[in-house]
$ cat protein-v3.cif   # mmCIF, C-alpha atoms
data_query
#
loop_
_atom_site.label_atom_id
_atom_site.label_comp_id
_atom_site.auth_asym_id
_atom_site.auth_seq_id
_atom_site.Cartn_x
_atom_site.Cartn_y
_atom_site.Cartn_z
CA MET A 19 9.80 -10.99 14.93
CA LYS A 20 11.54 -7.84 13.77
CA ILE A 21 11.19 -6.71 10.16
CA GLU A 22 13.99 -4.59 8.77
CA TYR A 23 13.70 -2.45 5.67
CA ASN A 24 16.02 -0.02 3.96
CA PRO A 25 14.89 3.05 2.04
CA ILE A 26 15.16 2.78 -1.75
CA GLY A 27 15.08 6.56 -2.17
CA ILE A 28 13.67 9.78 -0.85
CA VAL A 29 10.79 12.14 -1.78
CA LEU A 30 11.41 15.84 -2.35
CA THR A 31 8.25 17.90 -1.82
CA PRO A 32 7.25 21.50 -1.11
CA PHE A 33 6.16 20.57 2.45
CA LYS A 34 9.01 21.46 4.79
CA ASP A 35 7.08 20.85 7.99
CA LEU A 36 4.16 18.69 9.07
CA ASN A 37 1.73 21.57 9.57
CA GLY A 38 1.28 22.56 5.95
CA ILE A 39 0.55 19.09 4.60
CA PRO A 40 -2.87 18.44 3.05
CA TYR A 41 -4.76 16.00 5.27
CA GLN A 42 -6.21 14.20 2.25
CA PRO A 43 -4.68 13.28 -1.10
CA SER A 44 -7.67 14.86 -2.86
CA LYS A 45 -6.52 18.22 -1.43
CA ALA A 46 -3.05 17.66 -2.88
CA LYS A 47 -4.04 17.80 -6.56
CA GLY A 48 -1.33 19.48 -8.59
CA VAL A 49 1.29 19.53 -5.81
CA GLU A 50 4.49 18.44 -7.54
CA GLY A 51 7.56 16.71 -6.20
CA THR A 52 10.36 14.32 -7.08
CA ILE A 53 11.29 10.83 -6.02
CA VAL A 54 15.07 10.43 -6.02
CA LEU A 55 15.79 6.72 -6.23
CA TYR A 56 19.12 5.42 -5.00
CA PRO A 57 21.23 4.64 -8.10
CA LYS A 58 21.51 0.91 -7.48
CA PHE A 59 17.73 0.51 -7.95
CA CYS A 60 17.37 2.53 -11.18
CA ARG A 61 17.23 -0.48 -13.51
CA GLY A 62 14.00 -1.48 -11.77
CA LEU A 63 12.28 1.63 -13.22
CA LYS A 64 12.21 0.18 -16.75
CA ASP A 65 8.66 0.13 -18.22
CA LEU A 66 7.22 2.22 -15.38
CA ASP A 67 6.88 5.22 -17.72
CA GLY A 68 3.85 3.60 -19.36
CA PHE A 69 1.84 4.04 -16.16
CA SER A 70 -0.03 7.24 -15.40
CA HIS A 71 -0.11 6.61 -11.63
CA ILE A 72 2.07 4.79 -9.12
CA ILE A 73 1.65 3.49 -5.59
CA LEU A 74 4.20 5.09 -3.32
CA LEU A 75 4.94 3.41 0.01
CA CYS A 76 6.85 5.68 2.37
CA HIS A 77 8.16 5.45 5.90
CA PHE A 78 6.71 8.33 7.94
CA HIS A 79 9.93 9.01 9.83
CA MET A 80 8.70 12.13 11.62
CA THR A 81 5.43 10.94 13.12
CA SER A 82 4.83 10.84 16.83
CA LYS A 83 3.40 7.93 18.82
CA TYR A 84 0.16 6.37 17.68
CA LYS A 85 -3.15 6.01 19.50
CA LEU A 86 -5.59 3.21 18.67
CA VAL A 87 -8.55 5.59 18.60
CA VAL A 88 -8.15 8.92 16.80
CA THR A 89 -10.31 11.82 15.65
CA PRO A 90 -9.57 12.42 11.95
CA SER A 91 -9.01 15.96 10.63
CA GLU A 92 -12.27 17.83 10.03
CA GLU A 93 -14.21 15.16 11.97
CA THR A 94 -15.60 15.23 15.49
CA GLU A 95 -16.17 11.52 16.11
CA PRO A 96 -13.28 9.35 17.38
CA ARG A 97 -12.57 6.39 15.06
CA GLY A 98 -10.55 3.18 15.29
CA LEU A 99 -7.06 3.84 13.91
CA PHE A 100 -7.27 1.06 11.29
CA SER A 101 -10.43 2.63 9.87
CA THR A 102 -8.42 5.81 9.16
CA ARG A 103 -5.41 6.75 7.07
CA SER A 104 -3.73 8.57 9.98
CA PRO A 105 0.07 8.65 9.55
CA ARG A 106 0.56 7.75 13.24
CA ARG A 107 0.33 3.94 13.15
CA PRO A 108 2.09 0.98 14.80
CA ASN A 109 4.12 0.68 11.58
CA PRO A 110 4.03 4.19 10.08
CA ILE A 111 3.81 3.24 6.40
CA GLY A 112 2.31 5.83 4.11
CA PHE A 113 0.25 4.71 1.11
CA SER A 114 -0.20 7.28 -1.66
CA VAL A 115 -1.33 7.00 -5.24
CA VAL A 116 0.47 9.75 -7.15
CA ARG A 117 0.48 10.85 -10.75
CA LEU A 118 3.64 10.00 -12.65
CA ILE A 119 4.69 12.88 -14.90
CA ASP A 120 8.13 11.86 -16.10
CA ILE A 121 11.11 9.65 -15.33
CA HIS A 122 14.66 10.80 -15.95
CA GLU A 123 17.38 8.41 -14.79
CA ASP A 124 17.07 8.23 -10.97
CA ARG A 125 14.34 10.90 -10.75
CA LEU A 126 10.58 10.46 -10.95
CA MET A 127 8.62 13.67 -11.34
CA ILE A 128 5.28 13.14 -9.60
CA SER A 129 2.16 15.11 -8.76
CA ASP A 130 -0.76 15.06 -6.27
CA LEU A 131 1.54 14.68 -3.26
CA ASP A 132 0.67 14.94 0.43
CA ILE A 133 4.05 13.96 1.84
CA LEU A 134 6.70 15.70 3.96
CA ASP A 135 9.92 16.72 2.21
CA GLY A 136 12.70 14.20 2.83
CA THR A 137 10.43 11.22 3.54
CA PRO A 138 12.12 7.85 2.86
CA VAL A 139 10.59 5.72 0.08
CA ILE A 140 10.32 2.00 0.80
CA ASP A 141 8.50 0.76 -2.32
CA ILE A 142 7.09 1.80 -5.68
CA LYS A 143 4.40 -0.29 -7.38
CA PRO A 144 2.41 0.22 -10.57
CA TYR A 145 -1.11 1.45 -9.95
CA PHE A 146 -4.15 -0.08 -11.61
CA ARG A 147 -7.80 -0.15 -10.67
CA GLU A 148 -8.46 -3.02 -8.27
CA PHE A 149 -12.10 -3.23 -9.30
CA ASP A 150 -14.41 -2.55 -12.17
CA SER A 151 -16.32 0.64 -11.64
CA ASP A 152 -19.53 -1.27 -10.94
CA GLU A 153 -18.07 -3.01 -7.86
CA ASP A 154 -19.98 -1.96 -4.76
CA ILE A 155 -17.50 -0.25 -2.41
CA LYS A 156 -18.68 0.79 1.07
CA THR A 157 -16.55 3.28 2.96
CA GLY A 158 -18.13 3.34 6.42
CA TRP A 159 -17.81 6.64 8.27
CA MET A 160 -15.94 8.34 5.43
CA LYS A 161 -17.74 10.85 3.29
CA LYS A 162 -16.47 10.76 -0.26
CA MET B 18 18.99 4.31 7.76
CA LYS B 19 17.37 1.12 9.00
CA ILE B 20 13.59 0.95 9.37
CA GLU B 21 12.25 -1.51 11.92
CA TYR B 22 8.67 -2.74 11.98
CA ASN B 23 6.84 -5.29 14.08
CA PRO B 24 3.95 -7.42 12.82
CA ILE B 25 0.52 -6.42 14.13
CA GLY B 26 -0.93 -9.85 13.34
CA ILE B 27 -0.87 -12.77 10.96
CA VAL B 28 -2.96 -13.96 7.97
CA LEU B 29 -4.39 -17.48 7.90
CA THR B 30 -5.08 -18.64 4.34
CA PRO B 31 -5.59 -21.90 2.42
CA PHE B 32 -2.20 -21.49 0.67
CA LYS B 33 0.30 -23.64 2.56
CA ASP B 34 3.10 -23.22 0.05
CA LEU B 35 4.16 -20.63 -2.50
CA ASN B 36 3.36 -22.77 -5.55
CA GLY B 37 -0.43 -22.77 -5.24
CA ILE B 38 -0.85 -19.02 -4.85
CA PRO B 39 -2.79 -17.12 -7.53
CA TYR B 40 -0.40 -14.79 -9.33
CA GLN B 41 -3.01 -12.05 -9.51
CA PRO B 42 -5.62 -10.89 -7.00
CA SER B 43 -8.27 -11.16 -9.72
CA LYS B 44 -7.64 -14.93 -9.75
CA ALA B 45 -8.18 -15.06 -5.99
CA LYS B 46 -11.89 -14.12 -6.01
CA GLY B 47 -13.72 -15.97 -3.28
CA VAL B 48 -10.62 -17.36 -1.56
CA GLU B 49 -11.34 -16.85 2.14
CA GLY B 50 -9.00 -16.38 5.06
CA THR B 51 -8.62 -14.73 8.44
CA ILE B 52 -6.47 -11.96 9.81
CA VAL B 53 -5.64 -12.62 13.46
CA LEU B 54 -4.68 -9.31 15.00
CA TYR B 55 -2.51 -9.29 18.11
CA PRO B 56 -4.79 -8.46 21.06
CA LYS B 57 -3.12 -5.18 21.98
CA PHE B 58 -4.19 -3.66 18.63
CA CYS B 59 -7.86 -4.73 18.68
CA ARG B 60 -9.25 -1.37 19.81
CA GLY B 61 -7.96 0.07 16.54
CA LEU B 62 -10.52 -2.04 14.60
CA LYS B 63 -13.45 0.11 15.78
CA ASP B 64 -15.50 1.47 12.82
CA LEU B 65 -13.69 -0.72 10.27
CA ASP B 66 -16.79 -2.92 9.90
CA GLY B 67 -18.48 -0.20 7.83
CA PHE B 68 -15.97 -0.76 5.03
CA SER B 69 -16.50 -3.40 2.36
CA HIS B 70 -12.80 -3.61 1.45
CA ILE B 71 -9.50 -3.05 3.26
CA ILE B 72 -5.90 -2.51 2.23
CA LEU B 73 -3.72 -5.21 3.70
CA LEU B 74 0.01 -4.57 3.89
CA CYS B 75 1.99 -7.74 4.59
CA HIS B 76 5.61 -8.65 4.97
CA PHE B 77 6.46 -11.39 2.45
CA HIS B 78 8.67 -13.32 4.85
CA MET B 79 9.26 -16.30 2.55
CA THR B 80 10.36 -14.60 -0.67
CA SER B 81 13.76 -15.16 -2.16
CA LYS B 82 16.16 -12.48 -3.40
CA TYR B 83 14.91 -9.86 -5.80
CA LYS B 84 16.08 -9.02 -9.30
CA LEU B 85 15.61 -5.54 -10.79
CA VAL B 86 14.30 -6.93 -14.07
CA VAL B 87 11.75 -9.76 -13.97
CA THR B 88 9.45 -11.62 -16.33
CA PRO B 89 5.94 -11.57 -14.81
CA SER B 90 3.82 -14.75 -14.71
CA GLU B 91 2.12 -15.47 -18.03
CA GLU B 92 4.31 -12.87 -19.77
CA THR B 93 7.32 -13.31 -22.02
CA GLU B 94 8.83 -9.83 -21.90
CA PRO B 95 11.19 -8.87 -19.03
CA ARG B 96 9.98 -5.79 -17.12
CA GLY B 97 11.47 -3.40 -14.58
CA LEU B 98 10.66 -4.67 -11.08
CA PHE B 99 8.92 -1.45 -9.98
CA SER B 100 6.53 -1.72 -12.95
CA THR B 101 5.38 -5.11 -11.57
CA ARG B 102 3.73 -6.35 -8.40
CA SER B 103 6.29 -9.16 -7.97
CA PRO B 104 6.60 -10.20 -4.30
CA ARG B 105 10.41 -10.30 -4.58
CA ARG B 106 11.35 -6.66 -3.95
CA PRO B 107 14.07 -4.73 -2.07
CA ASN B 108 11.51 -4.31 0.74
CA PRO B 109 9.11 -7.24 0.28
CA ILE B 110 5.87 -5.48 1.22
CA GLY B 111 2.69 -6.99 -0.16
CA PHE B 112 -0.21 -4.71 -1.08
CA SER B 113 -3.62 -6.39 -1.35
CA VAL B 114 -7.13 -5.04 -1.43
CA VAL B 115 -9.33 -7.70 0.15
CA ARG B 116 -13.04 -7.94 0.84
CA LEU B 117 -13.97 -7.60 4.51
CA ILE B 118 -16.68 -10.09 5.44
CA ASP B 119 -16.87 -9.83 9.21
CA ILE B 120 -14.94 -8.76 12.30
CA HIS B 121 -15.16 -10.68 15.56
CA GLU B 122 -12.88 -9.45 18.34
CA ASP B 123 -9.31 -10.04 17.11
CA ARG B 124 -10.36 -11.82 13.89
CA LEU B 125 -11.16 -10.34 10.51
CA MET B 126 -12.79 -12.69 8.05
CA ILE B 127 -11.65 -11.67 4.58
CA SER B 128 -12.00 -12.81 0.99
CA ASP B 129 -10.21 -12.51 -2.39
CA LEU B 130 -6.84 -13.46 -0.92
CA ASP B 131 -3.60 -14.26 -2.74
CA ILE B 132 -1.34 -14.59 0.29
CA LEU B 133 0.67 -17.42 1.86
CA ASP B 134 -0.63 -18.89 5.13
CA GLY B 135 1.19 -17.43 8.13
CA THR B 136 2.24 -14.17 6.45
CA PRO B 137 2.86 -11.34 8.95
CA VAL B 138 0.55 -8.31 8.69
CA ILE B 139 2.19 -4.91 9.06
CA ASP B 140 -0.73 -2.55 8.44
CA ILE B 141 -4.47 -2.42 7.74
CA LYS B 142 -6.00 0.67 6.11
CA PRO B 143 -9.53 1.44 4.95
CA TYR B 144 -9.97 1.13 1.20
CA PHE B 145 -11.71 3.76 -0.89
CA ARG B 146 -11.51 4.64 -4.55
CA GLU B 147 -8.58 6.96 -5.16
CA PHE B 148 -10.19 8.40 -8.27
CA ASP B 149 -13.52 9.06 -9.86
CA SER B 150 -14.29 6.48 -12.48
CA ASP B 151 -13.72 8.98 -15.29
CA GLU B 152 -10.06 9.52 -14.33
CA ASP B 153 -7.81 8.40 -17.15
CA ILE B 154 -5.58 5.61 -15.80
CA LYS B 155 -2.84 4.21 -18.04
CA THR B 156 -1.32 0.86 -17.07
CA GLY B 157 1.60 0.50 -19.44
CA TRP B 158 2.49 -3.07 -20.35
CA MET B 159 -0.30 -4.55 -18.25
CA LYS B 160 -3.37 -5.84 -19.96
CA LYS B 161 -6.43 -5.20 -17.84
#

$ encode --input "protein-v3.cif" --output "structure tokens"
Amino acid sequence: MKIEYNPIGIVLTPFKDLNGIPYQPSKAKGVEGTIVLYPKFCRGLKDLDGFSHIILLCHFHMTSKYKLVVTPSEETEPRGLFSTRSPRRPNPIGFSVVRLIDIHEDRLMISDLDILDGTPVIDIKPYFREFDSDEDIKTGWMKK
Amino acid sequence: MKIEYNPIGIVLTPFKDLNGIPYQPSKAKGVEGTIVLYPKFCRGLKDLDGFSHIILLCHFHMTSKYKLVVTPSEETEPRGLFSTRSPRRPNPIGFSVVRLIDIHEDRLMISDLDILDGTPVIDIKPYFREFDSDEDIKTGWMKK
């Protein structure tokens, strides 16, 4: 089964090559950019301006081949790929929660970005907390 | 630009048709299911068992055509599609945070599922809180 998607827009960011990109969203605080949505989708942005944060799903078009076991940045231990957020994946979909600053027609001004300039956007969803703050979340090998 | 993905596995759930599916993950508490990963990806599951929750990205293969303005379940007001989590989207990617109960070889036992039986899985990522609990999150029209 082949799944075919089409970009709904593109992200403009200050990161012109892969080397300079923060390896964690928490290191990307304050980095600003713009989502340019293709005009035919703009009506779908109605009501999004009430949200402070959005989920941005991107297609990492510039990543190289994936490995199933990887050593994350700033770590020494190899980890299973699906226990990491590495951009090199069987289906290279990027998941980012970014701050929504403003929407003007086809443009969404966003902040806290860790994405390469020119990356295709495949979906935008409203962000809300999945859990109450007292939910017990375990994050394995990751130090938070 | 066409983006082509291949499923990495499939989700087995109690929901055999679209009608019975909870319209919100919070209504799916305790609903159990299984992700069956295709064998060639199993090595990538290493270390995932330390996480209590995972992000499951699925391809909603059974959805009908999307509209850019929709009225969410249990609402009366039409909303812009990208301010909703409607499964009918230009690229019908489902985002769910599910509880990870156990992993046994190619099978992940999961809970809190709102997904149709047989839905193709396109990515699995570790879940962690994106924000400290004091971050101010605004969720527009959504009542939480």

$ interface_residues --input "protein-v3.cif" --of "chain B" --to "chain A" --cutoff "8 Å" --atoms "all atoms listed in the file" --output "PyMOL selection string"
chain B and resi 18-25+58+60-70+76+85-86+96-102+107-108+110+114+139-145+147+150+154-158

$ resolve_selection --input "protein-v3.cif" --expression "the PyMOL selection byres ((chain B and resi 124-132) around 6)" --output "count of residues only"
22

$ calpha_fit_and_write --input "protein-v3.cif" --fixed "chain B" --moving "chain A" --output "PDB file with C-alpha atoms, in the frame of the given file"
ATOM      1  CA  MET A  19      18.999   4.299   7.773  1.00  0.00           C
ATOM      2  CA  LYS A  20      17.370   1.123   9.021  1.00  0.00           C
ATOM      3  CA  ILE A  21      13.592   0.952   9.376  1.00  0.00           C
ATOM      4  CA  GLU A  22      12.238  -1.504  11.906  1.00  0.00           C
ATOM      5  CA  TYR A  23       8.671  -2.748  11.966  1.00  0.00           C
ATOM      6  CA  ASN A  24       6.837  -5.291  14.059  1.00  0.00           C
ATOM      7  CA  PRO A  25       3.960  -7.430  12.820  1.00  0.00           C
ATOM      8  CA  ILE A  26       0.521  -6.423  14.111  1.00  0.00           C
ATOM      9  CA  GLY A  27      -0.938  -9.846  13.318  1.00  0.00           C
ATOM     10  CA  ILE A  28      -0.863 -12.756  10.946  1.00  0.00           C
ATOM     11  CA  VAL A  29      -2.950 -13.961   7.959  1.00  0.00           C
ATOM     12  CA  LEU A  30      -4.393 -17.470   7.881  1.00  0.00           C
ATOM     13  CA  THR A  31      -5.077 -18.636   4.320  1.00  0.00           C
ATOM     14  CA  PRO A  32      -5.602 -21.882   2.408  1.00  0.00           C
ATOM     15  CA  PHE A  33      -2.205 -21.488   0.667  1.00  0.00           C
ATOM     16  CA  LYS A  34       0.303 -23.623   2.550  1.00  0.00           C
ATOM     17  CA  ASP A  35       3.109 -23.217   0.041  1.00  0.00           C
ATOM     18  CA  LEU A  36       4.159 -20.622  -2.513  1.00  0.00           C
ATOM     19  CA  ASN A  37       3.360 -22.751  -5.559  1.00  0.00           C
ATOM     20  CA  GLY A  38      -0.408 -22.761  -5.264  1.00  0.00           C
ATOM     21  CA  ILE A  39      -0.858 -19.017  -4.844  1.00  0.00           C
ATOM     22  CA  PRO A  40      -2.798 -17.121  -7.520  1.00  0.00           C
ATOM     23  CA  TYR A  41      -0.398 -14.800  -9.338  1.00  0.00           C
ATOM     24  CA  GLN A  42      -3.022 -12.053  -9.529  1.00  0.00           C
ATOM     25  CA  PRO A  43      -5.623 -10.885  -7.023  1.00  0.00           C
ATOM     26  CA  SER A  44      -8.297 -11.148  -9.728  1.00  0.00           C
ATOM     27  CA  LYS A  45      -7.660 -14.924  -9.750  1.00  0.00           C
ATOM     28  CA  ALA A  46      -8.197 -15.045  -5.988  1.00  0.00           C
ATOM     29  CA  LYS A  47     -11.891 -14.097  -6.000  1.00  0.00           C
ATOM     30  CA  GLY A  48     -13.742 -15.977  -3.293  1.00  0.00           C
ATOM     31  CA  VAL A  49     -10.632 -17.358  -1.556  1.00  0.00           C
ATOM     32  CA  GLU A  50     -11.338 -16.848   2.140  1.00  0.00           C
ATOM     33  CA  GLY A  51      -9.003 -16.374   5.061  1.00  0.00           C
ATOM     34  CA  THR A  52      -8.626 -14.722   8.446  1.00  0.00           C
ATOM     35  CA  ILE A  53      -6.480 -11.947   9.811  1.00  0.00           C
ATOM     36  CA  VAL A  54      -5.637 -12.622  13.456  1.00  0.00           C
ATOM     37  CA  LEU A  55      -4.666  -9.305  14.999  1.00  0.00           C
ATOM     38  CA  TYR A  56      -2.503  -9.281  18.099  1.00  0.00           C
ATOM     39  CA  PRO A  57      -4.795  -8.459  21.056  1.00  0.00           C
ATOM     40  CA  LYS A  58      -3.123  -5.183  21.975  1.00  0.00           C
ATOM     41  CA  PHE A  59      -4.186  -3.657  18.627  1.00  0.00           C
ATOM     42  CA  CYS A  60      -7.856  -4.741  18.680  1.00  0.00           C
ATOM     43  CA  ARG A  61      -9.241  -1.377  19.808  1.00  0.00           C
ATOM     44  CA  GLY A  62      -7.951   0.075  16.538  1.00  0.00           C
ATOM     45  CA  LEU A  63     -10.512  -2.041  14.614  1.00  0.00           C
ATOM     46  CA  LYS A  64     -13.445   0.107  15.776  1.00  0.00           C
ATOM     47  CA  ASP A  65     -15.502   1.460  12.826  1.00  0.00           C
ATOM     48  CA  LEU A  66     -13.688  -0.717  10.281  1.00  0.00           C
ATOM     49  CA  ASP A  67     -16.788  -2.917   9.909  1.00  0.00           C
ATOM     50  CA  GLY A  68     -18.469  -0.202   7.835  1.00  0.00           C
ATOM     51  CA  PHE A  69     -15.969  -0.756   5.021  1.00  0.00           C
ATOM     52  CA  SER A  70     -16.504  -3.397   2.365  1.00  0.00           C
ATOM     53  CA  HIS A  71     -12.797  -3.610   1.455  1.00  0.00           C
ATOM     54  CA  ILE A  72      -9.508  -3.061   3.256  1.00  0.00           C
ATOM     55  CA  ILE A  73      -5.907  -2.500   2.234  1.00  0.00           C
ATOM     56  CA  LEU A  74      -3.720  -5.201   3.698  1.00  0.00           C
ATOM     57  CA  LEU A  75       0.023  -4.562   3.902  1.00  0.00           C
ATOM     58  CA  CYS A  76       1.984  -7.732   4.593  1.00  0.00           C
ATOM     59  CA  HIS A  77       5.623  -8.652   4.965  1.00  0.00           C
ATOM     60  CA  PHE A  78       6.463 -11.390   2.444  1.00  0.00           C
ATOM     61  CA  HIS A  79       8.677 -13.333   4.837  1.00  0.00           C
ATOM     62  CA  MET A  80       9.258 -16.302   2.536  1.00  0.00           C
ATOM     63  CA  THR A  81      10.366 -14.609  -0.669  1.00  0.00           C
ATOM     64  CA  SER A  82      13.769 -15.161  -2.169  1.00  0.00           C
ATOM     65  CA  LYS A  83      16.172 -12.477  -3.392  1.00  0.00           C
ATOM     66  CA  TYR A  84      14.904  -9.869  -5.805  1.00  0.00           C
ATOM     67  CA  LYS A  85      16.075  -9.012  -9.311  1.00  0.00           C
ATOM     68  CA  LEU A  86      15.598  -5.534 -10.781  1.00  0.00           C
ATOM     69  CA  VAL A  87      14.299  -6.924 -14.069  1.00  0.00           C
ATOM     70  CA  VAL A  88      11.759  -9.757 -13.956  1.00  0.00           C
ATOM     71  CA  THR A  89       9.454 -11.619 -16.326  1.00  0.00           C
ATOM     72  CA  PRO A  90       5.949 -11.577 -14.805  1.00  0.00           C
ATOM     73  CA  SER A  91       3.833 -14.755 -14.712  1.00  0.00           C
ATOM     74  CA  GLU A  92       2.119 -15.469 -18.034  1.00  0.00           C
ATOM     75  CA  GLU A  93       4.309 -12.857 -19.776  1.00  0.00           C
ATOM     76  CA  THR A  94       7.333 -13.307 -22.008  1.00  0.00           C
ATOM     77  CA  GLU A  95       8.835  -9.813 -21.893  1.00  0.00           C
ATOM     78  CA  PRO A  96      11.192  -8.863 -19.027  1.00  0.00           C
ATOM     79  CA  ARG A  97       9.967  -5.783 -17.113  1.00  0.00           C
ATOM     80  CA  GLY A  98      11.465  -3.391 -14.569  1.00  0.00           C
ATOM     81  CA  LEU A  99      10.659  -4.675 -11.073  1.00  0.00           C
ATOM     82  CA  PHE A 100       8.924  -1.443  -9.986  1.00  0.00           C
ATOM     83  CA  SER A 101       6.541  -1.725 -12.937  1.00  0.00           C
ATOM     84  CA  THR A 102       5.380  -5.102 -11.557  1.00  0.00           C
ATOM     85  CA  ARG A 103       3.735  -6.359  -8.391  1.00  0.00           C
ATOM     86  CA  SER A 104       6.294  -9.164  -7.959  1.00  0.00           C
ATOM     87  CA  PRO A 105       6.603 -10.199  -4.290  1.00  0.00           C
ATOM     88  CA  ARG A 106      10.420 -10.300  -4.585  1.00  0.00           C
ATOM     89  CA  ARG A 107      11.348  -6.652  -3.944  1.00  0.00           C
ATOM     90  CA  PRO A 108      14.063  -4.732  -2.067  1.00  0.00           C
ATOM     91  CA  ASN A 109      11.509  -4.311   0.740  1.00  0.00           C
ATOM     92  CA  PRO A 110       9.106  -7.241   0.275  1.00  0.00           C
ATOM     93  CA  ILE A 111       5.864  -5.487   1.226  1.00  0.00           C
ATOM     94  CA  GLY A 112       2.700  -6.993  -0.161  1.00  0.00           C
ATOM     95  CA  PHE A 113      -0.211  -4.718  -1.080  1.00  0.00           C
ATOM     96  CA  SER A 114      -3.618  -6.392  -1.350  1.00  0.00           C
ATOM     97  CA  VAL A 115      -7.128  -5.034  -1.428  1.00  0.00           C
ATOM     98  CA  VAL A 116      -9.339  -7.688   0.157  1.00  0.00           C
ATOM     99  CA  ARG A 117     -13.030  -7.933   0.855  1.00  0.00           C
ATOM    100  CA  LEU A 118     -13.970  -7.599   4.505  1.00  0.00           C
ATOM    101  CA  ILE A 119     -16.683 -10.092   5.444  1.00  0.00           C
ATOM    102  CA  ASP A 120     -16.863  -9.830   9.214  1.00  0.00           C
ATOM    103  CA  ILE A 121     -14.948  -8.758  12.303  1.00  0.00           C
ATOM    104  CA  HIS A 122     -15.163 -10.683  15.552  1.00  0.00           C
ATOM    105  CA  GLU A 123     -12.882  -9.455  18.335  1.00  0.00           C
ATOM    106  CA  ASP A 124      -9.297 -10.036  17.097  1.00  0.00           C
ATOM    107  CA  ARG A 125     -10.360 -11.825  13.887  1.00  0.00           C
ATOM    108  CA  LEU A 126     -11.154 -10.326  10.497  1.00  0.00           C
ATOM    109  CA  MET A 127     -12.791 -12.700   8.051  1.00  0.00           C
ATOM    110  CA  ILE A 128     -11.654 -11.658   4.574  1.00  0.00           C
ATOM    111  CA  SER A 129     -12.014 -12.819   0.991  1.00  0.00           C
ATOM    112  CA  ASP A 130     -10.222 -12.507  -2.389  1.00  0.00           C
ATOM    113  CA  LEU A 131      -6.839 -13.448  -0.918  1.00  0.00           C
ATOM    114  CA  ASP A 132      -3.607 -14.256  -2.747  1.00  0.00           C
ATOM    115  CA  ILE A 133      -1.354 -14.586   0.284  1.00  0.00           C
ATOM    116  CA  LEU A 134       0.672 -17.412   1.850  1.00  0.00           C
ATOM    117  CA  ASP A 135      -0.634 -18.877   5.109  1.00  0.00           C
ATOM    118  CA  GLY A 136       1.187 -17.426   8.116  1.00  0.00           C
ATOM    119  CA  THR A 137       2.242 -14.164   6.448  1.00  0.00           C
ATOM    120  CA  PRO A 138       2.864 -11.331   8.951  1.00  0.00           C
ATOM    121  CA  VAL A 139       0.542  -8.306   8.695  1.00  0.00           C
ATOM    122  CA  ILE A 140       2.199  -4.909   9.069  1.00  0.00           C
ATOM    123  CA  ASP A 141      -0.745  -2.561   8.433  1.00  0.00           C
ATOM    124  CA  ILE A 142      -4.469  -2.409   7.746  1.00  0.00           C
ATOM    125  CA  LYS A 143      -6.010   0.665   6.111  1.00  0.00           C
ATOM    126  CA  PRO A 144      -9.539   1.437   4.950  1.00  0.00           C
ATOM    127  CA  TYR A 145      -9.978   1.127   1.209  1.00  0.00           C
ATOM    128  CA  PHE A 146     -11.705   3.765  -0.889  1.00  0.00           C
ATOM    129  CA  ARG A 147     -11.508   4.638  -4.551  1.00  0.00           C
ATOM    130  CA  GLU A 148      -8.581   6.981  -5.164  1.00  0.00           C
ATOM    131  CA  PHE A 149     -10.197   8.413  -8.277  1.00  0.00           C
ATOM    132  CA  ASP A 150     -13.534   9.045  -9.859  1.00  0.00           C
ATOM    133  CA  SER A 151     -14.290   6.474 -12.491  1.00  0.00           C
ATOM    134  CA  ASP A 152     -13.723   8.999 -15.275  1.00  0.00           C
ATOM    135  CA  GLU A 153     -10.059   9.548 -14.315  1.00  0.00           C
ATOM    136  CA  ASP A 154      -7.803   8.418 -17.143  1.00  0.00           C
ATOM    137  CA  ILE A 155      -5.586   5.616 -15.789  1.00  0.00           C
ATOM    138  CA  LYS A 156      -2.828   4.210 -18.026  1.00  0.00           C
ATOM    139  CA  THR A 157      -1.328   0.876 -17.054  1.00  0.00           C
ATOM    140  CA  GLY A 158       1.606   0.502 -19.447  1.00  0.00           C
ATOM    141  CA  TRP A 159       2.493  -3.079 -20.345  1.00  0.00           C
ATOM    142  CA  MET A 160      -0.289  -4.567 -18.224  1.00  0.00           C
ATOM    143  CA  LYS A 161      -3.347  -5.948 -19.915  1.00  0.00           C
ATOM    144  CA  LYS A 162      -6.417  -5.440 -17.783  1.00  0.00           C
TER     145      LYS A 162
END

$ atom_distance --input "protein-v3.cif" --atom1 "atom CA of B:Gly26" --atom2 "atom CA of B:Leu73"
11.1 Å

$ closest_residue --input "protein-v3.cif" --among "B:Ser90, B:Asn36, B:Thr30, B:Ser81" --to "B:Thr136" --atoms "all atoms listed in the file"
B:Thr30

$ closest_residue --input "protein-v3.cif" --among "A:Glu153, A:Pro105, A:Ile28, A:Met80" --to "A:Pro57" --atoms "all atoms listed in the file"
A:Ile28

$ atom_distance --input "protein-v3.cif" --atom1 "atom CA of A:Phe78" --atom2 "atom CA of A:Gly136"
9.8 Å

$ axis_aligned_box --input "protein-v3.cif" --around "stretch 136-144 of chain B" --padding-each-side "5 Å" --output "lines of an AutoDock Vina configuration file"
center_x = -3.6
center_y = -6.4
center_z = 5.1
size_x = 22.8
size_y = 25.6
size_z = 17.9

$ residues_around --input "protein-v3.cif" --residues "B:Asp134" --least-positions-apart "6" --cutoff "7 Å" --atoms "only C-alpha atoms" --output "JSON, numbers by chain"
{"B": [28, 29, 30, 31, 32, 33]}

$ atom_distance --input "protein-v3.cif" --atom1 "atom CA of A:Arg106" --atom2 "atom CA of A:Cys76"
12.7 Å
